[in-house]
Structures are given as structure tokens and as C-alpha cells.
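Peer 1: Pasting data16.cif here (mmCIF, C-alpha atoms):
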data_target
loop_
_atom_site.label_atom_id
_atom_site.label_comp_id
_atom_site.auth_asym_id
_atom_site.auth_seq_id
_atom_site.Cartn_x
_atom_site.Cartn_y
_atom_site.Cartn_z
CA VAL A 1 8.26 -12.63 -4.84
CA ARG A 2 8.36 -14.04 -8.36
CA LEU A 3 5.63 -12.83 -10.70
CA GLU A 4 4.72 -15.24 -13.46
CA GLY A 5 3.28 -13.80 -16.66
CA GLN A 6 3.98 -11.35 -19.44
CA ALA A 7 3.94 -7.58 -19.68
CA HIS A 8 3.98 -5.19 -22.62
CA ALA A 9 7.63 -4.78 -23.58
CA GLY A 10 7.62 -1.02 -24.14
CA PHE A 11 5.80 -0.19 -20.93
CA LEU A 12 8.01 -2.55 -18.96
CA LYS A 13 11.20 -0.94 -20.25
CA SER A 14 9.87 2.52 -19.35
CA ALA A 15 8.91 1.33 -15.87
CA GLN A 16 12.30 -0.28 -15.33
CA GLN A 17 14.09 2.93 -16.33
CA LEU A 18 11.95 5.04 -14.01
CA ALA A 19 12.31 2.51 -11.20
CA ASN A 20 16.09 2.79 -11.33
CA GLU A 21 16.14 6.57 -11.68
CA LEU A 22 13.58 7.42 -9.00
CA LEU A 23 14.21 4.76 -6.35
CA PRO A 24 16.91 6.70 -4.42
CA VAL A 25 14.63 9.74 -4.18
CA VAL A 26 11.68 7.63 -3.08
CA LEU A 27 13.66 5.75 -0.43
CA THR A 28 14.94 9.02 1.00
CA ALA A 29 11.39 10.40 1.18
CA LEU A 30 10.08 7.26 2.88
CA GLU A 31 12.82 7.46 5.50
CA GLU A 32 12.06 11.13 6.09
CA TYR A 33 8.31 10.48 6.41
CA PRO A 34 8.03 7.04 8.05
CA THR A 35 4.24 7.28 8.53
CA TYR A 36 3.59 7.90 4.84
CA ASP A 37 2.67 5.29 2.25
CA LEU A 38 3.57 5.56 -1.42
CA VAL A 39 0.87 6.10 -4.05
CA VAL A 40 1.66 5.98 -7.77
CA VAL A 41 -0.92 7.54 -10.10
CA GLY A 42 -1.19 7.65 -13.88
CA HIS A 43 -3.62 8.13 -16.76
CA SER A 44 -3.48 6.33 -20.12
CA LEU A 45 0.17 5.69 -21.02
CA GLY A 46 1.10 6.93 -17.57
CA ALA A 47 -1.31 4.42 -16.05
CA GLY A 48 0.44 1.55 -17.79
CA VAL A 49 3.83 2.68 -16.52
CA ALA A 50 2.42 3.33 -13.03
CA THR A 51 1.07 -0.22 -12.84
CA LEU A 52 4.36 -1.85 -13.81
CA LEU A 53 6.48 0.54 -11.76
CA THR A 54 4.42 -0.36 -8.71
CA LEU A 55 4.73 -4.09 -9.35
CA LEU A 56 8.51 -3.71 -9.63
CA TRP A 57 8.88 -1.64 -6.47
CA ALA A 58 6.37 -3.68 -4.44
CA GLN A 59 8.80 -6.61 -4.60
CA LEU A 60 11.49 -4.63 -2.78
CA SER A 61 12.23 -5.30 0.87
CA VAL A 62 11.38 -1.70 1.78
CA PHE A 63 7.72 -2.52 1.16
CA ARG A 64 7.77 -6.17 2.20
CA ASN A 65 9.79 -6.04 5.44
CA ASN A 66 9.37 -2.42 6.44
CA LYS A 67 9.27 -1.90 10.20
CA ASN A 68 7.04 1.14 9.60
CA LYS A 69 4.67 -0.99 7.51
CA GLN A 70 4.74 1.45 4.63
CA SER A 71 2.80 0.27 1.61
CA ILE A 72 2.73 1.03 -2.11
CA ARG A 73 -0.30 1.14 -4.37
CA ALA A 74 -0.99 2.29 -7.92
CA PHE A 75 -4.17 4.00 -9.11
CA SER A 76 -4.30 3.60 -12.87
CA TYR A 77 -6.92 5.49 -14.87
CA ALA A 78 -7.72 4.45 -18.45
CA SER A 79 -4.88 1.97 -18.42
CA PRO A 80 -3.81 0.33 -21.67
CA CYS A 81 -3.64 -3.45 -22.00
CA ILE A 82 -0.25 -4.30 -20.49
CA LEU A 83 -0.49 -7.56 -18.49
CA SER A 84 -1.20 -11.17 -19.39
CA ALA A 85 -4.33 -12.69 -17.86
CA SER A 86 -2.50 -14.56 -15.10
CA LEU A 87 -0.53 -11.50 -14.04
CA SER A 88 -3.44 -9.09 -14.42
CA GLN A 89 -5.48 -10.81 -11.73
CA ALA A 90 -2.72 -12.33 -9.61
CA PRO A 91 -3.23 -11.76 -5.86
CA PHE A 92 -0.02 -9.71 -5.71
CA THR A 93 -1.24 -7.43 -8.51
CA ARG A 94 -4.68 -7.02 -6.95
CA ARG A 95 -3.06 -6.14 -3.64
CA HIS A 96 -1.04 -3.31 -5.14
CA VAL A 97 -2.95 -1.99 -8.18
CA THR A 98 -6.37 -0.40 -8.66
CA SER A 99 -7.46 0.30 -12.24
CA VAL A 100 -10.38 2.49 -13.31
CA VAL A 101 -12.09 2.19 -16.70
CA TYR A 102 -14.80 4.60 -17.81
CA GLY A 103 -17.60 3.34 -20.02
CA ASP A 104 -16.58 2.32 -23.53
CA ASP A 105 -13.00 3.62 -23.32
CA VAL A 106 -11.21 1.92 -26.21
CA VAL A 107 -7.74 2.05 -24.69
CA SER A 108 -8.46 -0.53 -21.99
CA ARG A 109 -9.55 -2.98 -24.72
CA LEU A 110 -7.05 -2.18 -27.45
CA GLY A 111 -4.21 -4.56 -28.19
CA LEU A 112 -2.69 -6.35 -31.14
CA SER A 113 -4.76 -9.47 -30.50
CA THR A 114 -8.06 -7.65 -30.13
CA PHE A 115 -7.30 -5.53 -33.19
CA LEU A 116 -6.58 -8.61 -35.30
CA GLU A 117 -9.82 -10.18 -34.12
CA LEU A 118 -11.75 -7.06 -35.12
CA GLN A 119 -9.95 -6.95 -38.46
CA HIS A 120 -10.90 -10.57 -39.14
CA SER A 121 -14.50 -9.92 -38.16
CA LEU A 122 -14.80 -6.88 -40.44
CA SER A 123 -13.17 -8.72 -43.32
CA ALA A 124 -15.54 -11.66 -42.92
CA ARG A 125 -18.57 -9.39 -42.89
CA GLY A 126 -17.31 -7.56 -45.95
CA GLU A 127 -16.87 -10.80 -47.83
CA GLU A 128 -20.39 -11.90 -46.89
CA GLY A 129 -21.69 -8.66 -48.37
CA GLY A 130 -19.81 -9.13 -51.62
CA THR A 131 -16.89 -6.83 -50.81
CA THR A 132 -13.67 -7.27 -48.93
CA ARG A 133 -12.71 -4.79 -46.27
CA THR A 134 -9.25 -4.99 -44.87
CA ALA A 135 -7.32 -3.01 -42.36
CA SER A 136 -3.66 -2.90 -41.59
CA MET A 137 -1.64 -1.78 -38.65
CA MET A 138 2.07 -1.52 -38.18
CA SER A 139 3.03 -2.58 -34.71
CA SER A 140 6.35 -2.76 -32.94
CA THR A 141 4.92 -4.03 -29.67
CA SER A 142 5.64 -7.39 -28.16
CA SER A 143 5.52 -8.97 -24.73
CA ASN A 144 8.27 -9.29 -22.16
CA ASP A 145 8.28 -11.32 -19.00
CA ILE A 146 7.75 -9.26 -15.88
CA ASN A 147 10.73 -11.13 -14.42
CA MET A 148 12.81 -9.25 -17.00
CA GLN A 149 13.65 -12.25 -19.17
CA ASP A 150 13.76 -11.17 -22.80
CA ARG A 151 11.51 -12.76 -25.40
CA ASN A 152 12.15 -12.70 -29.12
CA PRO A 153 9.20 -10.99 -30.89
CA ASP A 154 9.47 -13.62 -33.64
CA ASP A 155 8.63 -16.30 -31.09
CA MET A 156 5.34 -14.52 -30.38
CA GLU A 157 4.08 -14.63 -33.96
CA ASP A 158 1.96 -17.76 -33.54
CA GLU A 159 0.80 -16.73 -30.06
CA ASN A 160 -0.53 -13.26 -30.88
CA ILE A 161 -4.21 -14.21 -31.01
CA ASN A 162 -4.10 -16.03 -27.67
CA ALA A 163 -1.60 -13.77 -25.91
CA LYS A 164 -4.05 -11.04 -24.97
CA LEU A 165 -3.06 -8.36 -22.50
CA TYR A 166 -5.26 -6.54 -19.98
CA CYS A 167 -5.24 -3.76 -17.41
CA GLY A 168 -4.50 -5.09 -13.96
CA GLY A 169 -5.37 -5.34 -10.30
CA GLN A 170 -8.75 -4.49 -8.85
CA VAL A 171 -10.57 -3.11 -11.88
CA TRP A 172 -13.52 -0.75 -11.39
CA TRP A 173 -15.80 -0.02 -14.35
CA LEU A 174 -17.57 3.34 -14.24
CA GLU A 175 -20.97 3.90 -15.87
CA SER A 176 -20.90 0.79 -17.99
CA LYS A 177 -23.96 0.22 -20.15
CA GLU A 178 -23.71 -3.49 -19.39
CA TYR A 179 -24.28 -2.90 -15.68
CA GLU A 180 -26.89 -0.14 -15.65
CA PRO A 181 -28.23 1.23 -13.39
CA TYR A 182 -25.14 0.62 -11.22
CA PRO A 183 -22.65 3.49 -11.69
CA ILE A 184 -19.60 1.52 -10.55
CA VAL A 185 -18.83 -2.21 -10.48
CA GLU A 186 -15.73 -4.29 -9.93
CA ILE A 187 -14.98 -6.54 -12.90
CA ASP A 188 -12.55 -9.13 -14.15
CA PRO A 189 -10.99 -7.54 -17.26
CA VAL A 190 -10.22 -10.97 -18.67
CA GLU A 191 -13.97 -11.64 -18.81
CA GLU A 192 -15.26 -8.15 -19.59
CA LEU A 193 -12.60 -6.34 -21.64
CA HIS A 194 -11.34 -9.10 -23.91
CA THR A 195 -12.73 -7.78 -27.22
CA LEU A 196 -12.41 -4.53 -29.12
CA GLU A 197 -15.87 -3.04 -29.61
CA LEU A 198 -16.77 0.08 -31.57
CA PHE A 199 -18.74 2.87 -29.91
CA PRO A 200 -19.29 6.53 -30.88
CA ASP A 201 -17.66 7.89 -27.73
CA MET A 202 -14.87 5.34 -27.29
CA PHE A 203 -12.12 7.93 -27.93
CA ALA A 204 -13.68 11.03 -26.36
CA ILE A 205 -14.26 9.45 -22.96
CA HIS A 206 -10.62 8.42 -22.75
CA LEU A 207 -9.54 12.03 -22.13
CA PRO A 208 -8.49 12.98 -18.58
CA ASN A 209 -11.29 15.55 -18.26
CA SER A 210 -13.86 12.83 -18.96
CA TYR A 211 -12.51 10.77 -16.09
CA LEU A 212 -12.40 13.77 -13.77
CA ASP A 213 -16.00 14.66 -14.64
CA VAL A 214 -17.36 11.17 -13.99
CA LEU A 215 -15.41 10.83 -10.75
CA ASP A 216 -16.73 14.20 -9.55
CA LYS A 217 -20.23 13.04 -10.47
CA LEU A 218 -19.86 9.82 -8.49
CA ASP A 219 -18.37 11.68 -5.55
CA ALA A 220 -21.27 14.14 -5.50
CA ALA A 221 -23.78 11.28 -5.62
CA THR A 222 -22.28 9.64 -2.54
CA THR A 223 -21.91 12.74 -0.36
#
Could you render the structure as C-alpha cells?

Peer 2:
Amino acid sequence: VRLEGQAHAGFLKSAQQLANELLPVVLTALEEYPTYDLVVVGHSLGAGVATLLTLLWAQLSVFRNNKNKQSIRAFSYASPCILSASLSQAPFTRRHVTSVVYGDDVVSRLGLSTFLELQHSLSARGEEGGTTRTASMMSSTSSNDINMQDRNPDDMEDENINAKLYCGGQVWWLESKEYEPYPIVEIDPVEELHTLELFPDMFAIHLPNSYLDVLDKLDAATT
């Protein structure tokens, strides 16, 4: 399997390191428990790594040609923007990754491109009102190919606005104001999470307890 697209460089490097370190332990466990599947779970930064770790391991023969038909899947909660549009919604990614976004969580919208767009918008509005408002952000992030080919960050300079990244796989949006009264809907993050919007609770609801609370609420409503 060859995955075409880009991934956030820092998250990819972390996933590659974990993949190499943990694979022997995982393979031993799968051999010992041949009826078990592998589930990788993460929240926030851990969700980004879980997504990429799963995409790396899912390409291995142990999950593609396994006589026991063992599978691997990631459940990523409040995932950062880590995958290019084509890779985010590729059939292979959707088969192996489920992402969950709660309400107006800023992290699943935040990236260099969306930040620069917001900065431009605020500056333009400030100029219209007779003042200039600017914002600055130091960033060391770039994009790397998921196929592990290195890219020079300088080559990305002119592509930053268009090279947006997203969370990946089957993406479920919980208690979104846009889809009231439905408490949970499946969305395409490329269509729904492509801009950085400002909301009063966009940081608070990112916390793990917020996700646990809303999941418990949904579970109670369906039982």
C-alpha cells in the first residue's frame, strides 16, 4: 500500500519512532492472542500520533495478510490537523481511523494555514476600522510525506495557504451547533473544519474530561 499525501512532520517523526520501538511487543501480543484485534487510542497530541502510528502499522503484512484476520484501528479524540486533504479522507485512512471532534474544539481546526487566514482577516477588519491589528506566531512545523520522503520546509513557503491539514478517517462531530438538534453527525473535515473560528468555549471543551462527559451523555441517551 502506498499512501499519497502529506502529514505533519513532527507528528510523523513521533509516530515513526513509536512504531519502531513498540512493534516487537505488539507482534508478540498478537501472536499470543490470535483472536484479538489492535486498537490504538489517543487524545489531542496523542490522537495525532495514534492516527499516524495506525496508518504506518496498517500497511504491514501482519494486518494485511494475517491468517487470523486481525485488524488495527485508531480512535482519535480531539485530533490536531495532521493530514493533507487527500490522505485525510483516503479509503485506507477511513478504513483504519475514526476521529471524534466535540463542538467548537479549536485544536481540530488549528494549523498554520488557518491561523494565517484568521490573521489576515483580523488585520483587514482592523484596517477598515481605522486601526491595524496584527498577530504573529513562531512556528517550526512543516509537512512531510507519509511515505517518509523528506521535504524542505523552505519549499513549503509558497504553499502554506493551500496546504491545509486535517484530522483523518471517519470523522464524527459531537454536539455541533451547525447540526442541531442532531447530537452526532459524520462529516468531511475538509468541508467542515477548514477555517479557524473563534468561540468562547473553544479551549475548554478540548480537555479530556469534556470529551468523557459528552460521550457519557450520548451513551446515556441511547441506552

Peer 1: Need the shell around A:Glu175: protein/DNA/RNA residues with any atom at most 12 Å away, counting all atoms listed in the file. Skip same-chain ones fewer than 2 positions apart. Format as a list in words?

Peer 2: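 Once the adjacent positions are removed, what remains is Val100, Val101, Tyr102, Gly103, Asp104, Asp105, Trp172, Trp173, Lys177, Glu178, Tyr179, Glu180, Pro181, Tyr182, Pro183, Ile184, Val185, Glu186, Ile205, Ser210, Tyr211, Asp213, Val214, Leu215, Lys217 and Leu218 of chain A.
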
Peer 1: Using the chain letters and numbering of this document, enumerate as a PyMOL selection string the residues selected by the PyMOL selection byres ((chain A and resi 41) around 9).

Peer 2: chain A and resi 39-40+42-43+46-47+50-51+73-77

Peer 1: For atom CA of A:Thr195 and atom CA of A:Cys167, determine how far apart the two atoms are, in Å to one decimal place.

Peer 2: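 Rounded to one decimal, the two atoms are 13.0 Å apart.
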
Peer 1: List the neighbours of stretch 11-25 of chain A out to 8 Å using all atoms listed in the file; skip same-chain residues closer than 6 positions along the sequence, and give me the result as a list in words.

Peer 2: Gly48, Val49, Ala50, Leu52, Leu53, Leu56, Trp57, Ile82, Asn144 and Ile146 of chain A

Peer 1: For a quick check of understanding, using all atoms listed in the file, which of A:Thr35, A:Phe92, A:Thr98, A:Pro80 has the smallest distance to A:Gln59?

Peer 2: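 Checking each of A:Thr35, A:Phe92, A:Thr98, A:Pro80 against A:Gln59, counting all atoms listed in the file, the winner is A:Phe92.
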
Peer 1: Suppose you want the space between atom CA of A:Val190 and atom CA of A:Met202; what is it in Å?

Peer 2: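 Between atom CA of A:Val190 and atom CA of A:Met202 the gap works out to 19.0 Å.
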
Peer 1: Select, from A:Leu165, A:Ala78, A:Leu193, A:Ala220, the residue with the minimum atom-to-atom distance to A:Pro208, counting only C-alpha atoms.

Peer 2: A:Ala78

Peer 1: How far is it from atom CA of A:Ile187 to atom CA of A:Val171, in Å with one decimal?

Peer 2: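 Atom-to-atom, atom CA of A:Ile187 and atom CA of A:Val171 are spaced 5.7 Å apart.
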
Peer 1: In terms of the shortest atom-to-atom distance over all atoms listed in the file, which of A:Leu45, A:Val62, A:Arg125, A:Ser108 is closest to A:Val26?

Peer 2: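 Among A:Leu45, A:Val62, A:Arg125, A:Ser108, it is A:Val62 that comes nearest to A:Val26.
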